[in-house]
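Some notes on the structure that comes next.
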Number of protein chains: 2
Amino acid sequence: MPAERMRWWGWGEERRAPALSPGALSVIRETLAIAGQPRPPVALERVRLDPSALAPKAAAALREILGADGLRDDHADRVAHAAGRGYPDLVRLRAGTPESAPDAVAYPSTREQLAATLDACARHSLAVVPFGAGTSVVGGVAPLRGAHAAVIALDMGRLARVIDIDRESAIVTVQAGLRARELERALAREGLTLGHFPQSFEYVTLGGCAATRSAGQASTGYGRFEQLVVGVSLSAPAGRIELAAHPASAAGPDLRQLIVGSEGTLGAIDELSLRVRTAPAVTVYEGAFFQSFEQGARALREMAQSRCAPDVARLSDENETSLSLKLAGSEGMRARVGRAYVGARGYGQGCLAILGLEGAQRDVSARRARARGIVRAHGGLPVGGSPGRAWLRSRFHAPYLRDELITHGVFVETLETATRWGNLHGLHRAVAEAIEGALRACGTPGVVGCHISHLYETGASLYFTFLAPASRGEEIAQWQAVKQAASAAIAAGGGTITHHHAVGRDHAQWLEQEIGAVGVDALRALKAQLDPAGIMNPGKLLA
Amino acid sequence: MPAERMRWWGWGEERRAPALSPGALSVIRETLAIAGQPRPPVALERVRLDPSALAPKAAAALREILGADGLRDDHADRVAHAAGRGYPDLVRLRAGTPESAPDAVAYPSTREQLAATLDACARHSLAVVPFGAGTSVVGGVAPLRGAHAAVIALDMGRLARVIDIDRESAIVTVQAGLRARELERALAREGLTLGHFPQSFEYVTLGGCAATRSAGQASTGYGRFEQLVVGVSLSAPAGRIELAAHPASAAGPDLRQLIVGSEGTLGAIDELSLRVRTAPAVTVYEGAFFQSFEQGARALREMAQSRCAPDVARLSDENETSLSLKLAGSEGMRARVGRAYVGARGYGQGCLAILGLEGAQRDVSARRARARGIVRAHGGLPVGGSPGRAWLRSRFHAPYLRDELITHGVFVETLETATRWGNLHGLHRAVAEAIEGALRACGTPGVVGCHISHLYETGASLYFTFLAPASRGEEIAQWQAVKQAASAAIAAGGGTITHHHAVGRDHAQWLEQEIGAVGVDALRALKAQLDPAGIMNPGKLLA
């Protein structure tokens with residue numbers, strides 16, 4: 001069993017120190033004109049679940065496979081697998097009213113148990129929701145049963161072994177239930193790193209990263225998760241696909257890239273061979289100010305296109321920069337960066353970039369020199385290491401902060417897209433305006449910020465964060481209105497509906513706009529072949 | 001119409017100067033103990049074809065769509081589309097006895113014509129073989145009709161426009177029938193390059209590169225073709241899939257990587273958006289000697305894993321080095337490299353590497369310094385620019401040379417694989433031994449050489465070339481025996497059945513070993529969805 005399960009109503013461990021300083025909270029309450037009292041989550045025992053619908057015969061069949069300890073239907077286990085960690089998930093969990101819960105949780109310990117579990121579920125018409133750490137923010141683990149009799153959460157947490165580290169080939173082979181953090185610990189002992197640090201790093205499983213085409217904060221340097229996957233195995237109801245760890249191949253369509261991103265709808269990813277690198281000898285994280293988002297984006301584009309991009313490159317727009325500086329408060333970045341200094345230099349309403357370089361000393365020095373040259377050439381102002389160190393310290397904090405903000409009546413959400421450089425600013429404006437407009441239409445005007453966080457030679461991601469007063473009692477409708485407006489603006493504006501959060505349930509209605517009706521039909525045919533009973537993760541990916 | 005069609009019986013233009021010097025020819029005849037007279041190809045009019053089986057009604061339907069000029073069934077057109085350019089193709093063409101020929105050749109000029117052509121072919125039960133330049137060496141364009149009434153070659157040569165160059169985003173959008181060389185010419189006028197230089201560069205179409213997951217000689221630096229594809233459109237019998245040019249996406253399985261590598265079996269790739277780069281200001285190609293293949297491979301591995309790999313990195317094994325030096329003759333590399341010099345330094349039986357760097361001056365200088373440091377650290381001996389320049393001059397000559405060798409009674413063939421670094425030398429030995437053994441068993445012992453030509457952090461490609469006396473009159477059986485032995489050794493030895501030649505017909509029986517029965521069934525389901533009548537390129541990819 002994984003030792004650290006997340007607290008059932010929110011992110012991370014139960015006893016985590018608050019991430020939100022009193023000063024920052026006042027700034028937010030003032031900015032958003034929020035007056036109400038904090039609302040903590042209900043107690044676990046007050047969470048209302050329907051009784052388990054798992055038929056005794058089906059339960060017996062699963063216990064036969066998994067052992068008594070391998071199938072659970074106690075309240076805590078069902079609640080822990082009742083939802084992901086999107087805003088609507090959190091709103092519902094905290095109120096004690098999740099939409100639904102799995103009728104039981106299966107914990108296979110071997111590949112054989114996994115295959116037999118899928119087989120039994122198909123025979124007993126049980127929907128199966130593969131479950132890594134439950135960090136999906138797009139409804140990817142919602143326990144939907146589709147047309148089936150009941151729904152089982154397939155917890156991969158007992159398939160969490162490092163199988164092999166091939167140093168010569170720079171390939172690690174793992175079971176898919178292993179957590180990213182645990183793998184980094186194992187690799188660190190060998191002087192290696194995977195370099196995959198999504199915001200969910202402390203909890204997310206590697207299978208989850210593969211299933212969702214995850215991108216980590218350092219993916220500009222280390223590559224998106226699908227670029228790290230050299231081999232992968234999928235246990236599907238129709239059988240197992242094992243794809244060996246080849247560095248490259250021309251042997252037909254790349255099934256690796258079909259399994260990666262399949263979001264549990266074709267089967268459960270159970271093993272992965274991943275490319276690793278030597279752990280960096282040096283890490284340098286620095287800040288730079290630009291007078292505008294456009295100016296900063298030009299600099300980042302030049303870095304990407306001349307292939308000297310930092311491993312981490314983030315550029316906040318004016319709104320996000322201003323909000324971060326306000327929130328950092330007197331003890332925070334504001335003081336260290338020297339707001340007066342950047343203000344006096346004409347960057348006062350500007351945009352903060354974080355540039356992080358990791359690697360061997362020589363490589364980092366060379367890329368740092370080039371990056372600084374490009375920053376200056378585009379009128380940027382390097383401001384030293386403080387903003388970088390501050391970002392590093394808090395790189396995994398945002399989901400904790402979100403829990404506290406929700407307690408204080410804030411509607412806080414993020415969404416992301418990516419597009420070619422030539423379309424970046426048009427899309428940025430269109431999506432920001434759509435979110436702002438939808439919030440105003442709800443009677444809850446808010447603050448919308450955005451940053452570029454992943455660079456490619458051909459384009460970049462745009463990651464939007466917005467804050468507004470929650471419509472108490474109407475939180476889900478408010479969220480839906482804004483999500484719908486933002487998604488429509490992304491689709492109309494030529495962006496991809498998701499850069500790294502995946503499709504899940506929330507983006508499923510937009511997939512056809514992205515890949516067309518013929519593309520959706522192709523995926524359906526594939527699913528029908530690999531999952532003929534349609535038990536795998538119903539309602540996700542394919543609407 | 002593309003102006004330069006390849007000569008019908010071999011590679012390239014009709015009036016190309018001989019690539020094989022008299023000295024090199026004697027070396028080969030002596031090495032392989034070949035005594036017979038040269039055998040030139042028969043005359044075009046002596047090529048025997050069955051009469052076209054295209055029914056008048058079907059022909060009329062296609063002419064209705066394509067115009068009188070858009071459907072051809074004259075002898076020259078049918079012969080020109082009768083085969084690819086694998087060794088068995090060449091043997092049969094030169095003898096005037098191709099296995100078969102398309103019953104007609106369709107030349108759509110618009111997307112609408114293309115869609116209507118596929119539709120008409122489905123209605124009239126005509127197999128369709130998408131045809132770029134016919135450079136496949138694995139039977140990828142063999143005009144097989146499967147269970148259909150007749151077979152049409154779908155020549156993409158009139159869909160060859162550059163649609164858009166988006167400099168800001170570094171993306172060029174083209175019609176898929178455009179040739180790689182033509183695109184490079186268009187890009188050069190803009191100071192840009194695609195950087196994709198397969199040995200077939202002078203003829204190959206971009207659609208062909210996409211359909212086969214091509215890797216160019218400089219793909220270590222510029223990326224494999226599938227890494228260049230940011231957007232792609234496929235005209236399938238069931239409809240069109242258009243995937244926009246997003247730099248990255250988490251919107252489900254990546255259909256781009258399903259279409260790329262589909263080898264004409266799902267539909268015809270008709271448009272591509274490709275990542276381009278600034279044309280290199282500087283190119284430096286140099287040679288280095290290593291005392292052994294293992295030593296050289298260690299150096300290349302370190303370059304790849306410390307991410308300072310040259311854009312082109314090739315390391316010949318002892319056999320290939322020795323043969324190249326012999327063939328280069330007195331006017332060739334032997335003299336320039338100074339064989340006595342390398343011999344005296346202990347590299348006489350060693351391995352030659354070609355390291356090519358392209359880019360901005362600063363970048364090339366930095367990577368060159370690092371590469372040289374790594375060469376020396378592994379006991380290698382840099383030998384200056386001559387071998388590099390010689391390689392550059394002859395980089396596209398091998399297929400011409402092959403034609404001349406076949407004329408002189410030589411069985412000459414290449415095949416390739418890739419594997420993780422930790423498995424490289426075992427696979428190298430196993431495949432070389434399998435080829436040598438099969439040649440001996442045919443009573444035609446030969447010379448087998450190999451080079452590493454594409455580096456990845458996790459592994460590399462192995463490209464085998466072998467020469468033996470052709471079994472006159474039994475060439476195809478001889479080829480089959482060796483191909484079977486080599487493929488079996490690759491599959492048993494943990495390599496991929498193809499690194500960049502694709503599956504085509506020749507490797508189709510090995511695909512199941514690579515992706516498993518469940519994987520093959522998944523591809524079949526996908527094909528059944530996109531090509532319900534099963535007209536697209538029968539007998540390729542899926543056995």
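Chain lettering (A, B, ...) mirrors the order of the structure tokens, residue numbering begins at 1 for each chain separately, and ligand numbering begins at 1 in order of display.
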Do you know which residues are at most 10 Å from His397 in chain A counting only C-alpha atoms, after dropping those on the same chain fewer than 5 positions away, and could you put them as a ChimeraX atom specification?
/A:11-12,18-20,199-200,391-392,402
Please, which residues in chain B fall within 6 Å of chain A when counting only C-alpha atoms, and what is the closest atom pair and distance in Å to one decimal for each, ordered by chain then residue number, as CSV?
```
residue,atom,partner,partner_atom,distance
B:Glu168,CA,A:Gly422,CA,5.6
B:Ser169,CA,A:Thr458,CA,4.7
B:Ala170,CA,A:Thr458,CA,5.5
B:Arg213,CA,A:Ala250,CA,5.1
B:Ile241,CA,A:Gly519,CA,5.8
B:Leu243,CA,A:Ile515,CA,5.9
B:His246,CA,A:Thr419,CA,5.3
B:Pro247,CA,A:Gly459,CA,5.3
B:Ser249,CA,A:His499,CA,4.5
B:Ala250,CA,A:Ala502,CA,4.8
B:Ala251,CA,A:Val503,CA,5.5
B:Gly252,CA,A:Gly261,CA,4.5
B:Pro253,CA,A:Leu258,CA,4.4
B:Asp254,CA,A:Gln257,CA,5.7
B:Gln257,CA,A:Asp254,CA,5.7
B:Leu258,CA,A:Pro253,CA,4.4
B:Gly261,CA,A:Pro253,CA,4.5
B:Ser262,CA,A:Pro253,CA,5.3
B:Thr419,CA,A:His246,CA,5.3
B:Arg420,CA,A:Ser169,CA,5.5
B:Trp421,CA,A:Ser169,CA,4.8
B:Gly422,CA,A:Ser169,CA,5.4
B:Thr458,CA,A:Ser169,CA,4.7
B:Gly459,CA,A:Pro247,CA,5.3
B:Thr498,CA,A:Ala250,CA,5.5
B:His499,CA,A:Ser249,CA,4.5
B:His500,CA,A:Ala250,CA,4.9
B:Ala502,CA,A:Ala250,CA,4.8
B:Val503,CA,A:Ala251,CA,5.5
B:Ile515,CA,A:Leu243,CA,5.9
B:Val518,CA,A:Ile241,CA,5.9
B:Gly519,CA,A:Ile241,CA,5.8
B:Ala522,CA,A:Leu526,CA,5.9
B:Leu526,CA,A:Leu526,CA,5.8
```
Quick one: of A:Val137, A:Ser365, A:Phe289, A:Leu144, who's nearest to Leu415 in chain A, counting only C-alpha atoms?
A:Val137
Neighbour list for Cys442 in chain B as a short mmCIF file (atom, residue, chain, number, x, y, z; two decimals) with N, CA, C and O atoms, in the first residue's frame, cut-off 10 Å, only C-alpha atoms, skip fewer than 4 positions in-chain:
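Contents of the output file around_6.cif:
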```
data_model
loop_
_atom_site.label_atom_id
_atom_site.label_comp_id
_atom_site.auth_asym_id
_atom_site.auth_seq_id
_atom_site.Cartn_x
_atom_site.Cartn_y
_atom_site.Cartn_z
N GLU B 436 26.04 -13.54 -42.56
CA GLU B 436 27.19 -14.30 -43.06
C GLU B 436 26.85 -15.77 -43.22
O GLU B 436 27.17 -16.40 -44.25
N GLY B 437 26.17 -16.30 -42.20
CA GLY B 437 25.82 -17.72 -42.24
C GLY B 437 24.88 -18.03 -43.39
O GLY B 437 25.04 -19.04 -44.09
N ALA B 438 23.89 -17.17 -43.59
CA ALA B 438 22.91 -17.41 -44.66
C ALA B 438 23.58 -17.32 -46.02
O ALA B 438 23.27 -18.10 -46.93
N ALA B 470 25.93 -12.64 -56.65
CA ALA B 470 24.52 -12.96 -56.87
C ALA B 470 24.41 -14.40 -57.37
O ALA B 470 25.24 -14.85 -58.17
N SER B 471 23.40 -15.12 -56.87
CA SER B 471 23.13 -16.47 -57.40
C SER B 471 22.33 -16.27 -58.69
O SER B 471 21.11 -16.10 -58.64
N GLU B 474 18.79 -17.29 -59.40
CA GLU B 474 18.20 -17.63 -58.09
C GLU B 474 18.27 -16.42 -57.15
O GLU B 474 18.29 -16.58 -55.93
N ALA B 477 15.47 -16.11 -54.38
CA ALA B 477 15.57 -17.12 -53.33
C ALA B 477 16.76 -16.81 -52.41
O ALA B 477 16.67 -16.94 -51.18
N GLN B 478 17.86 -16.40 -53.03
CA GLN B 478 19.04 -16.02 -52.24
C GLN B 478 18.71 -14.86 -51.30
O GLN B 478 19.02 -14.89 -50.11
N TRP B 479 18.05 -13.86 -51.87
CA TRP B 479 17.68 -12.69 -51.06
C TRP B 479 16.76 -13.10 -49.92
O TRP B 479 16.95 -12.69 -48.77
N ALA B 481 16.44 -15.96 -48.41
CA ALA B 481 17.14 -16.73 -47.38
C ALA B 481 17.89 -15.81 -46.42
O ALA B 481 17.84 -15.96 -45.20
N VAL B 482 18.58 -14.83 -47.00
CA VAL B 482 19.37 -13.93 -46.15
C VAL B 482 18.47 -13.00 -45.36
O VAL B 482 18.67 -12.76 -44.16
#
```
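Closest approach to Glu286 in chain A from the set A:Leu234, A:Ala313, A:Ala543, A:Ile269 is made by A:Ala313, with distances taken over only C-alpha atoms.
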With DSSP run on the backbone, what are the helix (DSSP H, G or I) residues within range 211-345 of chain B? I'd like them as a ChimeraX atom specification.
/B:211,219-222,225-228,256-259,293-305,318-328,333-337,339-345
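Distance-wise, CA of Gly384 in chain A and CA of Gly23 in chain A end up 25.0 Å apart.
Remark: for Glu416 in chain B, the closest of the candidate residues B:Trp9, B:Phe396, B:Tyr463, B:Phe293 is B:Tyr463 (distances computed over only C-alpha atoms).
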Contacts of Arg314 in chain B at 10 Å (only C-alpha atoms; same-chain gap of 4+ positions) as a list in words
Gln217, Ala218, Thr220, Gly287, Gly296, Ala297, Leu300, Pro310, Leu352, Ala353, Ile354, Leu355, Gly356, His451, Ile452, Ser453, His454, Leu455, Ser461, Leu462 and Tyr463 of chain B
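As for CA of Ala533 in chain B and CA of Arg505 in chain B, they are spaced 19.6 Å apart.
Neighbours of Phe466 in chain B closer than or equal to 8 Å, with only C-alpha atoms counted and sequence neighbours fewer than 4 positions away skipped, come out as Phe411, Val412, Glu413, Thr414, Gly446, Val447, Val448 and Gly449 of chain B.
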Show which residues sit within 7 Å of range 64-77 of chain A, as a VMD selection string. Count only C-alpha atoms, and ignore same-chain residues fewer than 2 positions away.
chain A and resid 60 to 62 79 to 81 103 to 108 113 116 to 117
Selected residues written out with C-alpha atoms, as a compact mmCIF listing (two decimals), in the first residue's frame:
```
# COMPACT_ATOMS: atom_id res chain seq x y z
CA ALA A 60 -16.65 -13.01 -4.41
CA ALA A 61 -15.12 -13.42 -7.84
CA LEU A 62 -12.87 -10.42 -7.26
CA VAL A 79 -14.37 8.23 -0.51
CA ALA A 80 -10.64 8.25 -1.26
CA HIS A 81 -11.42 6.99 -4.77
CA ASP A 103 -18.68 0.40 -5.32
CA ALA A 104 -15.38 -1.14 -4.33
CA VAL A 105 -11.66 -0.59 -4.76
CA ALA A 106 -9.49 -3.32 -6.27
CA TYR A 107 -5.79 -3.50 -5.39
CA PRO A 108 -4.03 -5.96 -7.70
CA GLN A 113 -4.17 -10.39 -10.71
CA ALA A 116 -7.84 -11.61 -13.98
CA THR A 117 -9.51 -8.56 -12.42
```
Which residues come within 7 Å of Ala299 in chain A, counting only C-alpha atoms, excluding same-chain residues fewer than 6 positions away, as a PDB file with C-alpha atoms, in the first residue's frame?
```
ATOM      1  CA  ILE A 374      18.748  36.795 -25.412  1.00  0.00           C
ATOM      2  CA  VAL A 375      16.947  38.318 -22.403  1.00  0.00           C
ATOM      3  CA  HIS A 378      14.865  41.632 -26.131  1.00  0.00           C
TER       4      HIS A 378
END
```
